[in-house]
Amino acid sequence: MDDLLQGLTEPQCEAVNHIDGPLLMLAGPGSGKTRVVTHRIANLLRQGIPAWQIVALTFTNKAADEMRMRVEALAPGQPVWMGTFHRFCARLLRRYAPMVGLSENYSILDAADSRMAIKRACEVAEVSLSHTSPDAVAAVISRAKNRLITAEMMATMPVKYNEQVAAQVYPVYHQLMMTANAVDFDDLLLHVAVLLRENGELRADLDSRYRYILVDEYQDTNLAQYAIVRALSIDYPNLSVTGDPDQSIYGWRGADINNILDFENDYPTVKTVRLEQNYRSTPNILRVADQLIRGNRRRKHKKLFTANPEGEPVILKSYRDSKAEGDDIAERIAHAILEENCHPKDFAIFVRMNSLTRTLEHALRRCNLPYQIVNGTEFYQRKEIKDLLAYLHLINNPNHDVALERVINVPPRGIGATTVQRLRQVANREQIPILDAARKAGLIESIPKRSAVKVASFVAMYDALCVKATATIEDLVLYLIEETDYREYLERTGDDDQDNDRSANVDEFVTAAVEYDRQHPEDGSLEEFLEQVALVSSTDQWEENNDRVTLMTLHASKGLEFPRVYIIGVEDDLLPHARSKDSEEQIEEERRLLFVGITRARERLQLSYCQNRSIHGQGRPVVPSPFLMELPREDMRQVDAAPESDFFDEDPYPDSWDIPNDEDDEICQLVEEERAAIRRSKPAPPIAIPQIKTASQMTGGPSSLVGQLKTGTTVAHPRHGEGTVVSISGRGPKCTATILFDDGQTKSFRVAFADLRVIR
DNA sequence: ATGCGCCAAGTTTTT
DNA sequence: CTTGGCGCAT
């Protein structure tokens with residue numbers, strides 16, 4: 001018992017010792033929350049509670065892995081279930097699929113696929129998208145689902161104009177998904193929430209099965225998640241939630257900060273523990289964070305304090321443009337590594353949006369710094385990967401229409417848009433999957449014989465693929481590539497330059513399959529592989545042990561910490577983002593976002609902004625973020641890398657920065673006028689164009705090996721052992737080495753990613 | 001049916 | 001600067 005409490009503070013001990021009944025842990029940043037949670041789990045186990053009665057729900061897989069590791073160290077071999085909400089629901093849904101009208105091999109559609117399904121639903125519903133976009137419709141439906149509003153409910157609700165369209169599409173979309181035996185991310189939660197609500201017996205069973213539920217990042221849960229957790233904590237209200245209202249940054253995704261603010265009302269017998277001591281950051285950094293977050297009205301006040309020694313003041317820097325910003329940061333990092341015995345992995349650079357990482361990449365590459373970009377799902381968004389995945393999805397679930405439409409003519413096999421259109425019409429009319437329609441293409445009179453033959457040969461190939469469905473994922477994928485001539489297709493279509501990349505991506509996909517097989521020698525299944533791929537999040541990709549500079553969005557940085565942090569682009573309209581300025585609530589969320597970023601830093605922190613930032617080529621003047629004016633100047637050092645800036649230097653009122661000087665006034669006015677002009681010129685209902693987010697590319701940094709490897713170099717790989725480089729293709733971060741291993745296998749690796757060592 | 005090339009448009013955060 | 005949508009030519 002005592003060893004679990006060793007070195008813990010009073011409030012931490014209280015939390016660890018809490019066994020039964022609701023528990024609310026308000027945990028500030030860096031307050032040792034994970035430590036407390038893992039020790040508490042160990043304590044529960046020690047009190048004789050069976051591991052299978054405990055469930056820990058986290059925000060990312062990464063967090064779950066981390067927790068699992070630490071619990072394992074305290075209480076080895078205990079099968080406590082830990083994972084994300086979505087994975088938990090996916091698992092429950094596998095078991096109880098028939099109860100909601102699905103079969104157990106249902107597919108999980110990602111955002112892009114679900115958008116395709118929405119488009120089709122619009123067609124079927126004969127809804128005109130001229131005044132809205134699939135995106136907007138998808139957003140409304142998603143929001144509704146997060147708030148537990150089903151299609152039927154929405155039909156009877158009075159709604160706004162753009163919601164009317166969505167209300168019409170929603171039931172059709174839902175029907176399509178059910179026919180396709182598919183769910184989207186929101187459905188995973190919604191189905192389970194409805195299941196628990198409508199089936200009292202099952203609810204009671206599961207409530208008693210999962211007696212001890214722990215929820216991490218509770219401030220980021222939405223109503224659906226709230227309902228699920230609640231339903232499982234009625235008879236056994238041993239619900240413990242951990243969170244920090246000041247770190248709620250997912251409101252736009254339906255997260256409801258009231259879930260945590262009102263927890264004490266929901267569970268009157270709750271025990272509340274506040275973890276306010278910070279073990280992570282210097283007092284400087286903490287004061288800056290604290291001062292900033294005081295600007296928010298809607299919050300529970302916390303005092304943040306630390307016993308850590310004073311450190312360097314927080315640096316606030318302005319640059320002429322983003323290139324100067326990137327170059328300076330890269331050079332300083334390189335310098336610190338040379339002079340101060342730092343390592344690349346000590347550094348992180350945070351951005352408000354992914355596109356801002358571009359210039360940083362260039363700068364880091366120029367300085368030869370290894371880096372990793374965490375914007376993870378991008379790999380799985382690439383066309384070639386999505387194609388292969390779509391085949392796998394279709395094999396796993398023949399009803400998956402979106403997957404079918406994606407691959408029926410990829411590589412091109414003479415089945416054109418019109419033929420697909422006709423198949424789809426039949427499918428819509430008879431409410432059957434398109435594949436079933438394709439099976440009887442010969443009987444459909446609108447389809448010419450020529451086309452019907454091609455469709456038939458596609459179906460035949462599909463059936464051949466299905467025979468391999470139970471093989472290992474690797475075998476299946478290799479067979480698939482072979483059978484579809486996919487490599488040949490890539491070579492035929494891409495430019496020379498792309499070619500290598502795309503082929504290397506396919507290699508990487510195969511490697512992922514191999515890896516999955518390796519990790520699941522017994523229990524692996526296609527279904528589970530697909531589920532795992534669908535539910536990876538970007539932060540899951542971040543590798544702690546990689547000695548690289550980390551580049552990520554502020555959102556992705558939640559839950560992590562780094563000795564030295566740079567936050568770039570602290571500019572008006574970027575942070576707070578232009579699109580989150582409609583309400584004070586949104587501004588507060590942006591403020592929390594910056595708060596999260598600041599509190600990731602252990603020793604040093606730099607915030608920076610530019611005077612010009614070129615977005616799509618055109619440089620535009622920039623106004624520093626209003627948040628900067630809220631920061632305590634005495635804890636900071638202002639540096640102007642661009643001498644012409646006098647935004648801060650010539651401010652005659654250091655204690656009231658909200659009084660701008662003349663030049664700022666001018667800029668403000670300019671910006672204000674421009675904004676007003678844009679507002680005036682906007683047509684009443686803005687017509688948005690459907691925009692499918694695509695992978696620009698998933699880039700790894702040049703590892704120190706890039707450039708070192710040559711044909712003939714002998715290298716070692718942690719899993720495959722030693723081997724010889726047979727060829728090298730691509731350059732920079734895309735450099736790919738094909739290696740013949742001593743066991744006779746040939747594998748290709750992105751040098752920047754792979755864990756290779758040069759032997760000679 | 002396919003493939004090319006132009007044009008236009010759009011730009012947050014993500015399970 | 002990138003991406004996707006669309007029209008035209010083969």
# chains A, B, ... in the order shown; residues from 1 in each chain; ligands from 1

$ interface_residues --of "chain B" --to "chain A" --cutoff "9 Å" --atoms "only C-alpha atoms (C1' of nucleotides)" --output "list in words"
DA1, DT2, DA9, DG10, DT12, DT13, DT14 and DT15 of chain B

$ write_last_selection --atoms "N, CA and C atoms (P, O5', C5', C4', C3', O3' and C1' of nucleotides)" --output "mmCIF file, in the first residue's frame"
data_model
loop_
_atom_site.group_PDB
_atom_site.id
_atom_site.type_symbol
_atom_site.label_atom_id
_atom_site.label_comp_id
_atom_site.auth_asym_id
_atom_site.auth_seq_id
_atom_site.Cartn_x
_atom_site.Cartn_y
_atom_site.Cartn_z
ATOM 1 P P DA B 1 -18.713 4.426 -70.542
ATOM 2 O "O5'" DA B 1 -17.145 4.464 -70.906
ATOM 3 C "C5'" DA B 1 -16.469 3.250 -71.109
ATOM 4 C "C4'" DA B 1 -15.001 3.543 -71.168
ATOM 5 C "C3'" DA B 1 -14.416 4.120 -69.888
ATOM 6 O "O3'" DA B 1 -13.117 3.585 -69.720
ATOM 7 C "C1'" DA B 1 -14.107 5.658 -71.635
ATOM 8 P P DT B 2 -12.353 3.766 -68.423
ATOM 9 O "O5'" DT B 2 -11.097 4.614 -68.892
ATOM 10 C "C5'" DT B 2 -10.461 4.315 -70.142
ATOM 11 C "C4'" DT B 2 -9.648 5.510 -70.574
ATOM 12 C "C3'" DT B 2 -8.901 6.212 -69.432
ATOM 13 O "O3'" DT B 2 -7.525 6.187 -69.738
ATOM 14 C "C1'" DT B 2 -9.967 7.772 -70.848
ATOM 15 P P DA B 9 -14.070 31.246 -58.883
ATOM 16 O "O5'" DA B 9 -13.827 30.332 -57.601
ATOM 17 C "C5'" DA B 9 -14.477 29.066 -57.473
ATOM 18 C "C4'" DA B 9 -13.751 28.298 -56.404
ATOM 19 C "C3'" DA B 9 -13.456 29.165 -55.178
ATOM 20 O "O3'" DA B 9 -14.391 28.875 -54.152
ATOM 21 C "C1'" DA B 9 -11.558 27.812 -55.832
ATOM 22 P P DG B 10 -14.385 29.737 -52.861
ATOM 23 O "O5'" DG B 10 -13.485 28.867 -51.888
ATOM 24 C "C5'" DG B 10 -13.327 27.486 -52.180
ATOM 25 C "C4'" DG B 10 -12.375 26.873 -51.206
ATOM 26 C "C3'" DG B 10 -12.149 27.631 -49.906
ATOM 27 O "O3'" DG B 10 -12.125 26.720 -48.840
ATOM 28 C "C1'" DG B 10 -10.084 27.378 -51.079
ATOM 29 P P DT B 12 -9.316 26.171 -43.495
ATOM 30 O "O5'" DT B 12 -9.072 26.728 -42.086
ATOM 31 C "C5'" DT B 12 -8.786 26.490 -40.958
ATOM 32 C "C4'" DT B 12 -7.589 25.890 -40.344
ATOM 33 C "C3'" DT B 12 -7.559 24.375 -40.390
ATOM 34 O "O3'" DT B 12 -6.302 23.949 -39.910
ATOM 35 C "C1'" DT B 12 -8.562 25.150 -38.414
ATOM 36 P P DT B 13 -5.975 22.401 -39.848
ATOM 37 O "O5'" DT B 13 -6.431 22.103 -38.372
ATOM 38 C "C5'" DT B 13 -5.494 22.196 -37.318
ATOM 39 C "C4'" DT B 13 -6.190 21.930 -36.019
ATOM 40 C "C3'" DT B 13 -6.808 20.537 -35.917
ATOM 41 O "O3'" DT B 13 -5.881 19.699 -35.287
ATOM 42 C "C1'" DT B 13 -8.226 22.248 -35.005
ATOM 43 P P DT B 14 -5.466 18.381 -36.041
ATOM 44 O "O5'" DT B 14 -6.564 17.356 -35.541
ATOM 45 C "C5'" DT B 14 -6.688 17.021 -34.177
ATOM 46 C "C4'" DT B 14 -7.765 15.970 -34.044
ATOM 47 C "C3'" DT B 14 -7.497 14.697 -34.846
ATOM 48 O "O3'" DT B 14 -7.947 13.593 -34.096
ATOM 49 C "C1'" DT B 14 -9.536 15.643 -35.538
ATOM 50 P P DT B 15 -7.226 12.204 -34.315
ATOM 51 O "O5'" DT B 15 -8.254 11.226 -33.580
ATOM 52 C "C5'" DT B 15 -8.574 11.432 -32.229
ATOM 53 C "C4'" DT B 15 -9.926 10.799 -31.929
ATOM 54 C "C3'" DT B 15 -10.081 9.366 -32.436
ATOM 55 O "O3'" DT B 15 -10.744 8.605 -31.434
ATOM 56 C "C1'" DT B 15 -11.785 10.719 -33.325
#

$ select_by_dssp --residues "segment 314-382 of chain A" --states "alpha helix (DSSP H)" --output "PyMOL selection string"
chain A and resi 322-339+357-366+378-381

$ residues_around --residues "DA9 of chain C" --least-positions-apart "2" --cutoff "12 Å" --atoms "only C-alpha atoms (C1' of nucleotides)" --output "mmCIF file with C-alpha atoms (C1' of nucleotides), in the first residue's frame"
data_model
loop_
_atom_site.group_PDB
_atom_site.id
_atom_site.type_symbol
_atom_site.label_atom_id
_atom_site.label_comp_id
_atom_site.auth_asym_id
_atom_site.auth_seq_id
_atom_site.Cartn_x
_atom_site.Cartn_y
_atom_site.Cartn_z
ATOM 1 C "C1'" DT B 2 -9.967 7.772 -70.848
ATOM 2 C "C1'" DG B 3 -6.743 11.273 -70.277
ATOM 3 C "C1'" DC B 4 -5.131 15.722 -70.520
ATOM 4 C "C1'" DG B 5 -5.040 20.399 -69.290
ATOM 5 C "C1'" DG C 7 -14.555 20.449 -70.235
#

$ residues_around --residues "Gly295 of chain A" --least-positions-apart "4" --cutoff "9 Å" --atoms "only C-alpha atoms (C1' of nucleotides)" --output "PyMOL selection string"
chain A and resi 291+588+591+627+630

$ atom_distance --atom1 "atom CA of Val351 of chain A" --atom2 "atom CA of Ile568 of chain A"
5.7 Å

$ interface_residues --of "chain C" --to "chain A" --cutoff "8 Å" --atoms "only C-alpha atoms (C1' of nucleotides)" --output "PDB file with C-alpha atoms (C1' of nucleotides), in the first residue's frame"
ATOM      1  C1'  DC C   1       0.987  27.066 -53.862  1.00  0.00           C
ATOM      2  C1'  DT C   3      -6.022  20.572 -54.902  1.00  0.00           C
ATOM      3  C1'  DG C   4      -9.994  19.240 -57.075  1.00  0.00           C
TER       4       DG C   4
END

$ residues_around --residues "segment 444-456 of chain A" --least-positions-apart "6" --cutoff "12 Å" --atoms "only C-alpha atoms (C1' of nucleotides)" --output "PDB file with C-alpha atoms (C1' of nucleotides), in the first residue's frame"
ATOM      1  CA  LEU A 404     -16.636  -0.223 -54.156  1.00  0.00           C
ATOM      2  CA  VAL A 407     -11.992   0.739 -56.655  1.00  0.00           C
ATOM      3  CA  ILE A 408     -14.363  -0.560 -59.291  1.00  0.00           C
ATOM      4  CA  ASN A 409     -12.369   1.260 -61.930  1.00  0.00           C
ATOM      5  CA  PRO A 412      -8.904   1.628 -65.003  1.00  0.00           C
ATOM      6  CA  ARG A 413     -10.661  -1.395 -66.402  1.00  0.00           C
ATOM      7  CA  GLY A 414     -13.230   0.096 -68.703  1.00  0.00           C
ATOM      8  CA  ILE A 415     -15.996   0.678 -66.208  1.00  0.00           C
ATOM      9  CA  GLY A 416     -16.831   4.329 -66.658  1.00  0.00           C
ATOM     10  CA  ALA A 417     -18.817   6.828 -64.706  1.00  0.00           C
ATOM     11  CA  THR A 418     -22.028   6.163 -66.580  1.00  0.00           C
ATOM     12  CA  THR A 419     -21.937   2.452 -65.890  1.00  0.00           C
ATOM     13  CA  VAL A 420     -21.308   3.083 -62.214  1.00  0.00           C
ATOM     14  CA  GLN A 421     -24.106   5.606 -62.253  1.00  0.00           C
ATOM     15  CA  ARG A 422     -26.498   2.997 -63.611  1.00  0.00           C
ATOM     16  CA  LEU A 423     -25.434   0.399 -61.097  1.00  0.00           C
ATOM     17  CA  ARG A 424     -25.985   2.920 -58.378  1.00  0.00           C
ATOM     18  CA  GLN A 425     -29.452   3.732 -59.641  1.00  0.00           C
ATOM     19  CA  VAL A 426     -30.428   0.103 -59.444  1.00  0.00           C
ATOM     20  CA  ALA A 427     -28.870  -0.142 -56.000  1.00  0.00           C
ATOM     21  CA  ILE A 434     -23.876  -1.779 -55.371  1.00  0.00           C
ATOM     22  CA  LEU A 435     -21.852  -4.963 -55.466  1.00  0.00           C
ATOM     23  CA  ASP A 436     -25.074  -6.940 -55.577  1.00  0.00           C
ATOM     24  CA  ALA A 437     -26.262  -4.760 -58.417  1.00  0.00           C
ATOM     25  CA  ALA A 438     -22.951  -5.386 -60.162  1.00  0.00           C
ATOM     26  CA  TYR A 462     -13.223  -9.583 -56.360  1.00  0.00           C
ATOM     27  CA  ASP A 463     -14.417 -13.088 -55.560  1.00  0.00           C
TER      28      ASP A 463
ATOM     29  C1'  DA B   1     -14.107   5.658 -71.635  1.00  0.00           C
TER      30       DA B   1
END

$ atom_distance --atom1 "atom CA of Glu571 of chain A" --atom2 "atom CA of Arg320 of chain A"
13.0 Å

$ select_by_dssp --residues "segment 45-118 of chain A" --states "strand (DSSP E)" --output "list in words"
Ile54, Val55, Ala56, Leu57, Thr58, Trp81, Met82, Gly83, Thr84, Ser107 and Ile108 of chain A

$ atom_distance --atom1 "atom CA of Val715 of chain A" --atom2 "atom CA of Asn505 of chain A"
21.1 Å

$ residues_around --residues "segment 326-333 of chain A" --least-positions-apart "3" --cutoff "12 Å" --atoms "only C-alpha atoms (C1' of nucleotides)" --output "ChimeraX atom specification"
/A:317-323,336-351,356-371,548-551,564-569,604-610,613,640-642

$ decode --residues "chain B" --atoms "C-alpha atoms (C1' of nucleotides)" --output "PDB file, in the first residue's frame"
ATOM      1  C1'  DA B   1     -14.107   5.658 -71.635  1.00  0.00           C
ATOM      2  C1'  DT B   2      -9.967   7.772 -70.848  1.00  0.00           C
ATOM      3  C1'  DG B   3      -6.743  11.273 -70.277  1.00  0.00           C
ATOM      4  C1'  DC B   4      -5.131  15.722 -70.520  1.00  0.00           C
ATOM      5  C1'  DG B   5      -5.040  20.399 -69.290  1.00  0.00           C
ATOM      6  C1'  DC B   6      -7.129  24.366 -67.795  1.00  0.00           C
ATOM      7  C1'  DC B   7      -9.629  26.991 -64.420  1.00  0.00           C
ATOM      8  C1'  DA B   8     -11.370  27.975 -60.389  1.00  0.00           C
ATOM      9  C1'  DA B   9     -11.558  27.812 -55.832  1.00  0.00           C
ATOM     10  C1'  DG B  10     -10.084  27.378 -51.079  1.00  0.00           C
ATOM     11  C1'  DT B  11      -7.943  27.343 -47.298  1.00  0.00           C
ATOM     12  C1'  DT B  12      -8.562  25.150 -38.414  1.00  0.00           C
ATOM     13  C1'  DT B  13      -8.226  22.248 -35.005  1.00  0.00           C
ATOM     14  C1'  DT B  14      -9.536  15.643 -35.538  1.00  0.00           C
ATOM     15  C1'  DT B  15     -11.785  10.719 -33.325  1.00  0.00           C
TER      16       DT B  15
END
